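S.K.: See target_27.txt below, with compact mmCIF, C-alpha atoms.
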```txt
# COMPACT_ATOMS: atom_id res chain seq x y z
CA MET A 1 -11.00 3.74 14.83
CA ALA A 2 -8.92 2.11 12.11
CA ASP A 3 -6.09 4.18 10.69
CA LEU A 4 -6.55 4.43 6.91
CA SER A 5 -3.49 6.59 6.32
CA SER A 6 -1.08 5.16 3.80
CA GLU A 7 2.64 5.39 3.13
CA PHE A 8 3.61 3.78 -0.15
CA VAL A 9 7.33 3.90 -1.05
CA GLY A 10 7.60 6.98 1.14
CA ILE A 11 4.61 8.71 -0.48
CA LYS A 12 2.05 9.63 2.15
CA SER A 13 -1.70 9.93 1.60
CA PRO A 14 -4.70 10.05 3.97
CA ASN A 15 -6.08 6.77 2.59
CA PRO A 16 -4.92 4.01 0.22
CA PHE A 17 -7.32 4.96 -2.58
CA TRP A 18 -5.64 6.58 -5.57
CA LEU A 19 -7.15 7.40 -8.94
CA ALA A 20 -5.32 5.56 -11.71
CA SER A 21 -3.77 7.24 -14.71
CA ALA A 22 -6.78 7.64 -17.00
CA PRO A 23 -9.35 10.22 -18.20
CA PRO A 24 -10.39 11.10 -14.60
CA THR A 25 -6.88 12.47 -13.95
CA ASP A 26 -6.35 14.29 -17.24
CA LYS A 27 -6.56 17.85 -15.96
CA GLU A 28 -6.46 20.12 -12.95
CA TYR A 29 -10.23 20.54 -12.80
CA ASN A 30 -10.84 16.81 -12.44
CA VAL A 31 -8.07 16.23 -9.91
CA ARG A 32 -9.22 19.09 -7.68
CA ARG A 33 -12.73 17.66 -7.64
CA ALA A 34 -11.28 14.23 -6.83
CA PHE A 35 -9.28 15.55 -3.88
CA GLU A 36 -12.25 17.52 -2.59
CA ALA A 37 -14.29 14.29 -2.71
CA GLY A 38 -11.69 12.51 -0.57
CA TRP A 39 -9.31 10.58 -2.82
CA GLY A 40 -5.95 9.95 -1.20
CA GLY A 41 -3.92 10.37 -4.35
CA VAL A 42 -3.87 10.43 -8.13
CA VAL A 43 -1.65 9.20 -10.90
CA TRP A 44 -1.85 11.96 -13.49
CA LYS A 45 -2.92 10.80 -16.96
CA THR A 46 0.12 9.76 -18.98
CA LEU A 47 2.27 12.58 -20.31
CA GLY A 48 4.37 12.32 -23.45
CA GLU A 49 7.25 14.32 -24.83
CA ASP A 50 7.10 17.65 -26.64
CA GLY A 51 6.74 17.06 -30.33
CA PRO A 52 4.02 16.07 -32.76
CA PRO A 53 0.70 16.39 -30.92
CA ILE A 54 -1.22 13.34 -29.77
CA VAL A 55 -4.46 13.15 -31.75
CA ASN A 56 -7.33 11.12 -30.30
CA VAL A 57 -10.36 9.90 -32.24
CA ASN A 58 -13.41 12.17 -32.27
CA GLY A 59 -15.85 9.30 -32.33
CA PRO A 60 -16.71 6.79 -29.59
CA ARG A 61 -13.73 5.87 -27.41
CA TYR A 62 -15.31 3.20 -25.23
CA GLY A 63 -16.93 -0.16 -25.71
CA ALA A 64 -18.73 -1.83 -22.82
CA ILE A 65 -19.78 -5.18 -21.40
CA HIS A 66 -22.93 -5.06 -19.29
CA GLY A 67 -24.55 -7.55 -16.95
CA ALA A 68 -28.21 -8.51 -17.30
CA ASP A 69 -29.16 -5.57 -15.08
CA ARG A 70 -27.12 -3.08 -17.22
CA ARG A 71 -24.44 -2.95 -14.54
CA LEU A 72 -21.13 -2.07 -16.16
CA LEU A 73 -18.81 -5.07 -15.97
CA GLY A 74 -16.03 -3.96 -18.29
CA LEU A 75 -14.86 -1.07 -20.45
CA ASN A 76 -12.79 -1.26 -23.60
CA ASN A 77 -11.08 2.03 -24.45
CA ILE A 78 -9.17 3.20 -27.51
CA GLU A 79 -8.09 6.52 -26.02
CA LEU A 80 -4.42 7.49 -26.19
CA ILE A 81 -2.25 9.29 -23.64
CA THR A 82 -3.03 12.94 -22.89
CA ASP A 83 -3.56 15.12 -25.96
CA ARG A 84 -3.01 18.28 -23.93
CA PRO A 85 0.31 20.16 -24.19
CA LEU A 86 3.06 18.93 -21.88
CA GLU A 87 3.71 22.38 -20.45
CA THR A 88 0.02 22.85 -19.62
CA ASN A 89 -0.06 19.57 -17.72
CA LEU A 90 3.13 20.36 -15.83
CA GLU A 91 1.83 23.77 -14.73
CA GLU A 92 -1.42 22.20 -13.49
CA ILE A 93 0.40 19.43 -11.63
CA SER A 94 2.51 22.03 -9.85
CA ARG A 95 -0.54 24.03 -8.76
CA VAL A 96 -2.47 20.98 -7.57
CA LYS A 97 0.41 19.59 -5.54
CA SER A 98 0.99 23.00 -3.95
CA ASP A 99 -2.66 23.30 -2.93
CA PHE A 100 -3.00 19.67 -1.73
CA PRO A 101 0.34 18.89 -0.05
CA ASP A 102 -1.13 16.00 1.97
CA ARG A 103 -2.31 14.11 -1.14
CA ALA A 104 -0.22 11.86 -3.34
CA VAL A 105 0.45 13.18 -6.84
CA VAL A 106 2.31 10.77 -9.10
CA VAL A 107 2.92 11.52 -12.78
CA SER A 108 2.53 8.80 -15.42
CA LEU A 109 5.07 9.05 -18.24
CA MET A 110 5.50 7.50 -21.67
CA VAL A 111 8.16 8.64 -24.12
CA PRO A 112 10.16 6.82 -26.79
CA CYS A 113 12.55 4.13 -25.62
CA GLU A 114 15.56 6.43 -25.92
CA GLU A 115 17.67 7.67 -23.02
CA ALA A 116 17.69 11.25 -24.30
CA ALA A 117 13.91 11.43 -24.29
CA TRP A 118 13.73 10.33 -20.65
CA LYS A 119 16.55 12.65 -19.62
CA ALA A 120 14.67 15.55 -21.20
CA ILE A 121 11.33 15.04 -19.49
CA LEU A 122 12.37 13.93 -15.99
CA PRO A 123 13.78 17.29 -14.77
CA ARG A 124 10.63 19.05 -15.93
CA VAL A 125 8.47 16.64 -13.94
CA ALA A 126 10.71 17.04 -10.89
CA GLU A 127 10.14 20.80 -10.95
CA THR A 128 6.41 20.31 -10.37
CA GLY A 129 6.99 18.91 -6.87
CA ALA A 130 5.13 15.70 -7.74
CA ASP A 131 5.74 12.84 -5.33
CA GLY A 132 6.96 10.37 -7.93
CA ILE A 133 6.55 8.99 -11.41
CA GLU A 134 4.86 5.91 -12.88
CA LEU A 135 6.35 4.47 -16.06
CA ASN A 136 3.52 3.44 -18.37
CA PHE A 137 4.74 0.15 -19.82
CA GLY A 138 1.24 -1.23 -20.16
CA CYS A 139 -0.98 0.57 -22.68
CA PRO A 140 -1.84 -2.07 -25.33
CA HIS A 141 -3.23 0.15 -28.09
CA GLY A 142 -2.24 3.15 -30.14
CA MET A 143 1.04 3.85 -28.38
CA ALA A 144 2.21 0.23 -28.51
CA GLU A 145 2.16 0.48 -32.30
CA ARG A 146 4.67 3.33 -31.90
CA GLY A 147 7.08 1.24 -29.86
CA MET A 148 5.88 2.43 -26.45
CA GLY A 149 3.45 1.21 -23.78
CA SER A 150 3.05 -2.57 -23.78
CA ALA A 151 5.63 -2.85 -26.58
CA VAL A 152 8.17 -1.98 -23.87
CA GLY A 153 6.37 -3.82 -21.08
CA GLN A 154 6.56 -7.11 -22.96
CA VAL A 155 10.37 -6.99 -23.16
CA PRO A 156 11.96 -7.35 -19.69
CA GLU A 157 15.31 -6.06 -20.96
CA TYR A 158 13.67 -2.80 -22.04
CA ILE A 159 11.90 -2.46 -18.70
CA GLU A 160 15.14 -2.83 -16.80
CA MET A 161 16.97 -0.42 -19.12
CA VAL A 162 14.39 2.39 -18.99
CA THR A 163 13.86 1.98 -15.25
CA ARG A 164 17.59 2.35 -14.70
CA TRP A 165 17.66 5.53 -16.81
CA CYS A 166 14.88 7.00 -14.69
CA LYS A 167 16.52 6.06 -11.39
CA GLU A 168 19.75 7.70 -12.53
CA ASN A 169 18.03 10.94 -13.56
CA TYR A 170 15.18 11.33 -11.05
CA ASP A 171 15.48 11.49 -7.28
CA ARG A 172 11.96 10.49 -6.23
CA PRO A 173 10.13 7.15 -6.30
CA VAL A 174 9.86 5.37 -9.63
CA ILE A 175 6.87 3.04 -10.02
CA VAL A 176 6.75 0.71 -13.02
CA LYS A 177 3.28 -0.03 -14.41
CA LEU A 178 3.15 -3.56 -15.83
CA THR A 179 1.15 -4.92 -18.73
CA PRO A 180 -0.98 -8.05 -18.17
CA ASN A 181 -0.57 -8.92 -21.85
CA ILE A 182 2.29 -11.29 -21.11
CA THR A 183 2.72 -14.96 -20.24
CA ASP A 184 4.51 -14.67 -16.89
CA ILE A 185 4.03 -11.44 -14.92
CA ARG A 186 6.96 -12.30 -12.67
CA ARG A 187 9.53 -11.66 -15.41
CA PRO A 188 8.73 -7.96 -15.99
CA ALA A 189 8.43 -7.48 -12.23
CA MET A 190 11.93 -8.87 -11.74
CA ALA A 191 13.20 -6.66 -14.55
CA ALA A 192 11.73 -3.60 -12.85
CA ARG A 193 13.37 -4.62 -9.58
CA ASN A 194 16.69 -5.18 -11.32
CA GLY A 195 16.46 -1.71 -12.83
CA GLY A 196 16.03 -0.23 -9.36
CA ALA A 197 12.28 0.41 -9.37
CA ASP A 198 10.83 1.48 -6.04
CA ALA A 199 7.56 -0.33 -6.80
CA VAL A 200 5.39 -1.84 -9.50
CA SER A 201 1.75 -1.15 -10.28
CA LEU A 202 -0.58 -3.60 -12.01
CA ILE A 203 -2.51 -4.45 -13.93
CA ASN A 204 -2.77 -2.13 -16.89
CA THR A 205 -5.53 -2.87 -19.39
CA LEU A 206 -6.00 -6.15 -21.23
CA ASN A 207 -5.85 -6.19 -25.02
CA SER A 208 -9.42 -6.74 -26.17
CA ILE A 209 -12.32 -6.36 -28.55
CA THR A 210 -15.53 -6.28 -26.54
CA SER A 211 -18.07 -6.70 -29.32
CA VAL A 212 -18.76 -6.67 -33.06
CA ASN A 213 -21.62 -4.73 -34.62
CA LEU A 214 -23.53 -7.36 -36.60
CA ASP A 215 -25.04 -4.80 -38.97
CA SER A 216 -21.82 -3.05 -39.98
CA PHE A 217 -19.57 -6.02 -39.13
CA ALA A 218 -17.06 -3.75 -37.41
CA PRO A 219 -15.64 -3.97 -33.89
CA GLU A 220 -17.08 -1.52 -31.39
CA PRO A 221 -16.47 1.28 -30.66
CA THR A 222 -16.72 1.92 -34.40
CA ILE A 223 -15.03 4.90 -36.07
CA ASP A 224 -16.28 5.56 -39.60
CA GLY A 225 -16.93 1.90 -40.28
CA LYS A 226 -13.84 0.45 -38.61
CA GLY A 227 -12.88 -0.60 -35.10
CA SER A 228 -9.66 -1.47 -33.27
CA HIS A 229 -8.42 -3.49 -30.35
CA GLY A 230 -8.31 -1.52 -27.11
CA GLY A 231 -7.61 -1.78 -23.41
CA TYR A 232 -10.09 -3.68 -21.21
CA CYS A 233 -10.69 -2.70 -17.59
CA GLY A 234 -13.38 -2.76 -14.92
CA PRO A 235 -14.82 -5.35 -12.51
CA ALA A 236 -14.40 -8.16 -15.04
CA VAL A 237 -10.59 -7.97 -14.91
CA LYS A 238 -10.32 -8.11 -11.11
CA PRO A 239 -9.68 -11.91 -10.90
CA ILE A 240 -6.81 -11.59 -13.38
CA ALA A 241 -5.38 -8.64 -11.48
CA LEU A 242 -5.57 -10.42 -8.12
CA SER A 243 -3.78 -13.45 -9.52
CA MET A 244 -0.97 -11.37 -11.01
CA VAL A 245 -0.53 -9.32 -7.84
CA SER A 246 -0.28 -12.54 -5.83
CA GLU A 247 2.29 -14.00 -8.24
CA ILE A 248 4.62 -11.08 -7.61
CA ALA A 249 3.94 -10.99 -3.87
CA ARG A 250 4.76 -14.66 -3.33
CA ASN A 251 7.70 -14.90 -5.70
CA PRO A 252 10.88 -14.95 -3.53
CA GLN A 253 12.67 -12.74 -6.05
CA THR A 254 10.06 -9.97 -5.86
CA ALA A 255 8.43 -10.62 -2.49
CA ASN A 256 9.75 -7.36 -1.02
CA LEU A 257 8.85 -5.23 -4.04
CA PRO A 258 5.99 -2.85 -3.14
CA ILE A 259 2.87 -3.24 -5.29
CA SER A 260 0.14 -0.76 -6.20
CA GLY A 261 -2.90 -2.88 -7.05
CA ILE A 262 -5.06 -2.00 -10.06
CA GLY A 263 -7.91 -3.79 -11.79
CA GLY A 264 -11.63 -3.64 -11.14
CA VAL A 265 -11.61 -2.12 -7.64
CA THR A 266 -15.24 -1.09 -7.17
CA THR A 267 -15.99 -1.73 -3.48
CA TRP A 268 -14.09 -1.63 -0.19
CA ARG A 269 -14.05 -5.43 -0.26
CA ASP A 270 -12.19 -5.41 -3.59
CA ALA A 271 -9.61 -3.09 -2.06
CA ALA A 272 -9.21 -5.28 1.02
CA GLU A 273 -8.61 -8.31 -1.19
CA PHE A 274 -5.84 -6.54 -3.11
CA LEU A 275 -4.24 -5.44 0.16
CA ALA A 276 -4.44 -8.97 1.57
CA LEU A 277 -2.69 -10.36 -1.51
CA GLY A 278 0.23 -7.96 -1.15
CA ALA A 279 -0.76 -4.58 -2.58
CA GLY A 280 0.30 -1.58 -0.50
CA ASN A 281 -2.48 0.59 -1.95
CA VAL A 282 -5.01 0.45 -4.79
CA GLN A 283 -5.72 2.51 -7.87
CA VAL A 284 -9.23 3.00 -9.24
CA CYS A 285 -10.57 4.14 -12.61
CA THR A 286 -13.72 2.45 -13.92
CA ALA A 287 -15.64 2.78 -10.64
CA ALA A 288 -15.01 6.53 -10.61
CA MET A 289 -16.03 6.82 -14.26
CA THR A 290 -19.20 4.85 -13.54
CA TYR A 291 -20.32 6.40 -10.24
CA GLY A 292 -18.40 9.67 -9.97
CA PHE A 293 -15.66 10.78 -7.62
CA LYS A 294 -17.77 10.51 -4.47
CA VAL A 295 -17.65 6.73 -4.70
CA VAL A 296 -14.43 7.06 -2.70
CA GLN A 297 -16.48 7.97 0.36
CA GLU A 298 -18.12 4.54 0.25
CA LEU A 299 -14.72 2.91 -0.19
CA ILE A 300 -13.34 4.76 2.83
CA SER A 301 -16.31 4.18 5.12
CA GLY A 302 -16.67 0.53 4.12
CA LEU A 303 -13.01 -0.33 4.62
CA SER A 304 -12.88 1.59 7.89
CA GLN A 305 -15.97 -0.13 9.30
CA TRP A 306 -14.75 -3.60 8.31
CA MET A 307 -11.33 -2.96 9.84
CA ASP A 308 -12.96 -1.80 13.07
CA GLU A 309 -15.20 -4.86 13.19
CA LYS A 310 -12.29 -7.23 12.56
CA GLY A 311 -9.85 -5.46 14.85
CA HIS A 312 -7.43 -4.34 12.15
CA SER A 313 -5.81 -1.12 13.34
CA SER A 314 -3.98 -0.01 10.18
CA VAL A 315 -3.88 -0.50 6.43
CA GLY A 316 -0.26 -1.60 6.66
CA GLY A 317 -1.28 -4.46 8.94
CA LEU A 318 -3.49 -5.90 6.18
CA VAL A 319 -0.90 -5.94 3.45
CA GLY A 320 0.07 -9.46 2.46
CA ARG A 321 -2.06 -11.27 5.06
CA ALA A 322 -3.34 -13.75 2.44
CA VAL A 323 -0.07 -14.35 0.59
CA ALA A 324 1.03 -17.33 2.70
CA ASN A 325 -2.31 -19.02 1.98
CA CYS A 326 -1.99 -18.59 -1.79
CA SER A 327 -0.59 -21.93 -2.89
CA ASP A 328 0.24 -23.92 -5.99
CA TRP A 329 -2.24 -26.73 -6.70
CA GLN A 330 0.11 -29.55 -5.77
CA HIS A 331 0.31 -28.29 -2.20
CA LEU A 332 -3.45 -28.44 -1.56
CA ASN A 333 -4.66 -30.99 0.98
CA LEU A 334 -6.33 -33.80 -0.95
CA ASN A 335 -7.56 -35.29 2.32
CA TYR A 336 -9.83 -32.32 2.97
CA VAL A 337 -13.40 -33.41 2.13
CA THR A 338 -16.61 -31.37 1.97
CA LYS A 339 -20.17 -32.09 0.83
CA ALA A 340 -22.92 -29.78 -0.42
CA ARG A 341 -25.82 -29.04 1.95
CA ILE A 342 -29.23 -27.48 1.19
CA ASP A 343 -31.17 -25.37 3.69
CA GLN A 344 -34.67 -26.62 2.95
CA ASP A 345 -36.25 -23.62 4.71
CA ALA A 346 -34.43 -21.20 2.43
CA CYS A 347 -34.87 -23.22 -0.77
CA ILE A 348 -37.28 -21.64 -3.31
CA LYS A 349 -37.46 -24.87 -5.36
CA CYS A 350 -36.15 -23.23 -8.54
CA GLY A 351 -34.18 -26.32 -9.49
CA ARG A 352 -31.05 -24.57 -10.67
CA CYS A 353 -28.79 -26.68 -8.47
CA TYR A 354 -30.41 -29.86 -9.77
CA ALA A 355 -30.11 -28.82 -13.43
CA ALA A 356 -26.48 -27.81 -13.06
CA CYS A 357 -25.52 -30.99 -11.23
CA GLU A 358 -27.62 -33.41 -13.31
CA ASP A 359 -26.66 -32.07 -16.73
CA THR A 360 -23.12 -30.78 -16.29
CA SER A 361 -21.63 -32.16 -13.11
CA HIS A 362 -21.92 -35.35 -11.05
CA GLN A 363 -25.62 -36.25 -10.66
CA ALA A 364 -25.36 -35.76 -6.90
CA ILE A 365 -28.67 -33.90 -6.35
CA THR A 366 -32.04 -35.63 -6.54
CA MET A 367 -35.46 -34.05 -7.08
CA SER A 368 -38.65 -35.53 -5.64
CA GLN A 369 -42.08 -35.22 -7.24
CA ASP A 370 -42.90 -32.26 -4.99
CA ARG A 371 -39.57 -30.61 -5.91
CA VAL A 372 -37.60 -31.28 -2.78
CA PHE A 373 -33.89 -31.33 -3.61
CA GLU A 374 -31.41 -33.43 -1.68
CA VAL A 375 -27.68 -34.09 -1.95
CA GLN A 376 -26.40 -37.64 -2.34
CA ASP A 377 -23.06 -37.76 -0.52
CA ASP A 378 -21.95 -40.86 -2.38
CA GLU A 379 -21.92 -38.86 -5.66
CA CYS A 380 -21.02 -35.35 -4.47
CA VAL A 381 -17.44 -34.32 -5.27
CA ALA A 382 -17.88 -30.88 -3.64
CA CYS A 383 -17.34 -29.04 -6.93
CA ASN A 384 -19.35 -26.05 -5.61
CA MET A 385 -21.26 -25.54 -8.87
CA CYS A 386 -24.61 -25.84 -7.11
CA ILE A 387 -23.72 -23.01 -4.75
CA ASN A 388 -22.53 -20.84 -7.62
CA THR A 389 -25.80 -21.27 -9.50
CA CYS A 390 -28.18 -20.99 -6.51
CA PRO A 391 -29.95 -17.58 -6.58
CA VAL A 392 -30.58 -17.55 -2.81
CA GLU A 393 -27.58 -16.46 -0.79
CA GLY A 394 -26.87 -18.85 2.06
CA CYS A 395 -29.32 -21.50 0.87
CA MET A 396 -26.52 -23.87 -0.09
CA SER A 397 -23.23 -24.43 1.68
CA MET A 398 -20.33 -26.83 1.94
CA GLU A 399 -19.92 -28.88 5.10
CA GLN A 400 -16.52 -30.27 5.98
CA LEU A 401 -16.51 -33.92 6.96
CA ALA A 402 -14.86 -34.48 10.31
CA PRO A 403 -11.67 -36.58 10.50
CA GLY A 404 -12.58 -40.23 10.86
CA THR A 405 -15.76 -39.96 8.78
CA VAL A 406 -16.04 -42.42 5.91
CA ASP A 407 -16.57 -40.69 2.58
CA LYS A 408 -19.49 -42.56 0.99
CA ARG A 409 -18.32 -41.65 -2.50
CA THR A 410 -14.86 -43.21 -2.16
CA GLY A 411 -15.27 -45.49 0.82
CA MET A 412 -12.17 -43.88 2.33
CA ARG A 413 -11.79 -42.53 5.82
CA VAL A 414 -11.34 -38.76 6.01
CA SER A 415 -8.06 -37.70 7.54
CA ALA A 416 -6.80 -34.31 8.65
CA GLU A 417 -3.25 -35.30 7.68
CA TYR A 418 -1.53 -35.97 4.38
CA GLY A 419 -0.75 -39.51 3.26
CA ASN A 420 -3.11 -41.43 5.58
CA TRP A 421 -5.23 -42.92 2.80
CA THR A 422 -3.74 -45.92 1.09
CA THR A 423 -5.74 -47.41 -1.78
CA HIS A 424 -8.71 -45.91 -3.63
CA PRO A 425 -11.40 -48.65 -3.47
CA ASN A 426 -12.65 -47.88 -6.98
CA ASN A 427 -9.16 -47.83 -8.47
CA PRO A 428 -6.56 -49.92 -6.58
CA SER A 429 -3.76 -48.49 -8.71
CA VAL A 430 -4.21 -45.03 -7.16
CA GLN A 431 -2.00 -44.71 -4.10
CA ALA A 432 -1.76 -41.77 -1.73
CA ALA A 433 1.74 -40.45 -0.95
CA GLU A 434 3.10 -41.70 2.33
```
Using the file provided, produce a representation of the structure as structure tokens.

M.R.:
Amino acid sequence: MADLSSEFVGIKSPNPFWLASAPPTDKEYNVRRAFEAGWGGVVWKTLGEDGPPIVNVNGPRYGAIHGADRRLLGLNNIELITDRPLETNLEEISRVKSDFPDRAVVVSLMVPCEEAAWKAILPRVAETGADGIELNFGCPHGMAERGMGSAVGQVPEYIEMVTRWCKENYDRPVIVKLTPNITDIRRPAMAARNGGADAVSLINTLNSITSVNLDSFAPEPTIDGKGSHGGYCGPAVKPIALSMVSEIARNPQTANLPISGIGGVTTWRDAAEFLALGAGNVQVCTAAMTYGFKVVQELISGLSQWMDEKGHSSVGGLVGRAVANCSDWQHLNLNYVTKARIDQDACIKCGRCYAACEDTSHQAITMSQDRVFEVQDDECVACNMCINTCPVEGCMSMEQLAPGTVDKRTGMRVSAEYGNWTTHPNNPSVQAAE
């Protein structure tokens, strides 16, 4: 059977599924239930310094985006870091780690961008026996307005500075959690590396407003007639997270920097995709909040079964397998040609492919009087829109044209190599690179 055990920057856990720093990891009760359900590790909800208490709103804290079937696609939250006393959290962390020595316990931290504040809290965290810390440089609301969270994560110089302070005053792994609310994710990742970070984790939540109440004209969630921007997470952010993880994994300057992947992990397949694009493990929040802690059992069994079927013996063997195939656009093979195909036996004659192609694409699908749909190769550019709109899985597909075939649309002969086409018959000024 596949070995799901994980070792991330020296932190061992029985599987690569960790709960992210969030409400599910806010207290001992929750974390014990999570470990009993099978989670491999947790990142404890972000702790702050002793001082004025954190006060959260007492009204709605979450806004939501639902699919047509009421499936939760995204959550917007306006909750702050833990509002429980620091000492209480530290005592609970110590007890949990003592009772679950085989599970990963990492502590998320956020204090003012001052060296003294970090020097004060790090020894207290070390005393708990936690396996490491995660620096929360990503939260886009509430704390950012106080000069913390994403306010730090958007300034690479601050990331490098604070990371260096932590490495100098803490002897266990330091993971830097990156904000996606930035133009180029590679810059903060390089700053974390330059500061000595053992790893990065990403993505944190996206700055967002999910909806506006059209009766009160206030963003939701609404608190006494007003709303605020918050942090967006859930399945809807997964494509953004995958892209950012891949950018770090394939950047030569950060290629060897371990990554903890976060963002919309709901199924074992999501987790496998993050691993393939360079993540050493994954962190989960919204799926646990939606389905409960036992969802991890489906993640474990699904990943294990797939690995067995595909002959993958270990999680480590999956990490980064797709990175080499993640390319910039200019390196894609323009001589690779496919055409849409319709399985007439599977077709339910709904006409979605025809409508999408006729109205918004390339008029490459015809419809007969008895609603038989056919693809015209001389117009099909293989955009894939018909497949994306077809409600019947497997009814439509893309067929690769074999080398030597003449593409009816362009009149050019398909080649498996670059630079073999010379002149586009419809535009003689277009030349292929030799």

S.K.: Using all atoms listed in the file, what does the table of segment 245-344 of chain A residues within 10 Å of segment 404-417 of chain A look like, with each row giving the shortest atom pair and its distance in Å to one decimal, sorted by chain and ascending number, as a Markdown table?

M.R.:
```
| residue | atom | partner | partner_atom | distance |
| --- | --- | --- | --- | --- |
| A:Asn333 | CA | A:Glu417 | CA | 8.1 |
| A:Leu334 | CA | A:Glu417 | CA | 9.3 |
| A:Asn335 | CA | A:Ser415 | CA | 5.8 |
| A:Tyr336 | CA | A:Ala416 | CA | 6.7 |
| A:Val337 | CA | A:Val414 | CA | 6.9 |
| A:Thr338 | CA | A:Asp407 | CA | 9.3 |
| A:Lys339 | CA | A:Asp407 | CA | 9.5 |
```

S.K.: Nearest to Pro14 of chain A among A:Ala68, A:Ile262, A:Ile133, A:Ala104, with distances taken over all atoms listed in the file: which residue is it?

M.R.: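 Answer, going by the shortest atom-to-atom distance: A:Ala104.
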
S.K.: Using all atoms listed in the file for the distances, tell me which of A:Ser13, A:Arg71, A:Ala279, A:Thr163 is nearest to Gly317 of chain A.

M.R.: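 Comparing A:Ser13, A:Arg71, A:Ala279, A:Thr163 against Gly317 of chain A, the winner is A:Ala279.
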
S.K.: Under the rule that only C-alpha atoms are counted, which of A:Cys166, A:Val319, A:Val265, A:Ala37 is the nearest residue to Ala117 of chain A?

M.R.: A:Cys166

S.K.: Taking all atoms listed in the file into account, name the residue in A:Leu257, A:Ile203, A:Ala382, A:Cys357 that is nearest to Pro239 of chain A.

M.R.: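 The shortest atom-to-atom distance to Pro239 of chain A comes from A:Ile203.
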
S.K.: Would you compute the distance between atom CA of Asn89 of chain A and atom CA of Ala151 of chain A? Give it in Å to one decimal.

M.R.: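 Calculated distance between atom CA of Asn89 of chain A and atom CA of Ala151 of chain A is 24.8 Å.
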
S.K.: By how many Å are atom CA of Gly132 of chain A and atom CA of Leu19 of chain A apart?

M.R.: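 That distance, rounded to one decimal, is 14.5 Å.
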
S.K.: Quote the spacing between atom CA of Gln297 of chain A and atom CA of Ser98 of chain A in Å to one decimal place.

M.R.: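 Separation between atom CA of Gln297 of chain A and atom CA of Ser98 of chain A: 23.4 Å.
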
S.K.: Which residue, A:Thr46, A:Thr290, A:Ser94, A:Thr389, has the smallest gap to Ala64 of chain A when you use all atoms listed in the file?

M.R.: A:Thr290

S.K.: Excluding Met398 of chain A and its own-chain neighbours fewer than 4 positions away, which residues fall within 12 Å of it when counting all atoms listed in the file? Please give them as a PyMOL selection string.

M.R.: chain A and resi 336-343+375+377+380-388+394

S.K.: Using only C-alpha atoms, can you tell me which of A:Trp44, A:Trp268, A:Phe17, A:Tyr62 comes closest to Val105 of chain A?

M.R.: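 Answer, going by the shortest atom-to-atom distance: A:Trp44.
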
S.K.: Leaving out Arg84 of chain A and any residue of its chain fewer than 2 positions from it, which residues lie within 12 Å of it when counting all atoms listed in the file, given as a list in words?

M.R.: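 Counting all atoms listed in the file, the residues come to Pro23, Asp26, Lys27, Glu28, Lys45, Thr46, Leu47, Gly48, Glu49, Asp50, Gly51, Pro52, Pro53, Ile54, Val55, Asn56, Leu80, Ile81, Thr82, Leu86, Glu87, Thr88, Asn89, Leu90, Glu91 and Glu92 of chain A.
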
S.K.: In the coordinates of the file, take the point (3.0, -9.3, -16.8) and a cut-off of 9 Å; then, counting all atoms listed in the file, name each qualifying protein, DNA or RNA residue as a PyMOL selection string.

M.R.: chain A and resi 138+153-154+178-189+202-203+244

S.K.: Using only C-alpha atoms, collect all residues at a distance of at most 10 Å from (0.9, -12.8, 2.8) as written in the file, then present them as a PyMOL selection string.

M.R.: chain A and resi 246+249-250+255+275-279+318-326

S.K.: Within 6 Å of Ile365 of chain A, counting only C-alpha atoms, which residues show up once you throw out same-chain ones fewer than 3 positions away? Write them as a PyMOL selection string, please.

M.R.: chain A and resi 354+374-376

S.K.: Report as a ChimeraX atom specification all protein, DNA and RNA residues lying within 10 Å of Glu309 of chain A, evaluated on all atoms listed in the file, omitting residues in the same chain fewer than 4 positions from it.

M.R.: /A:1-2,303-305
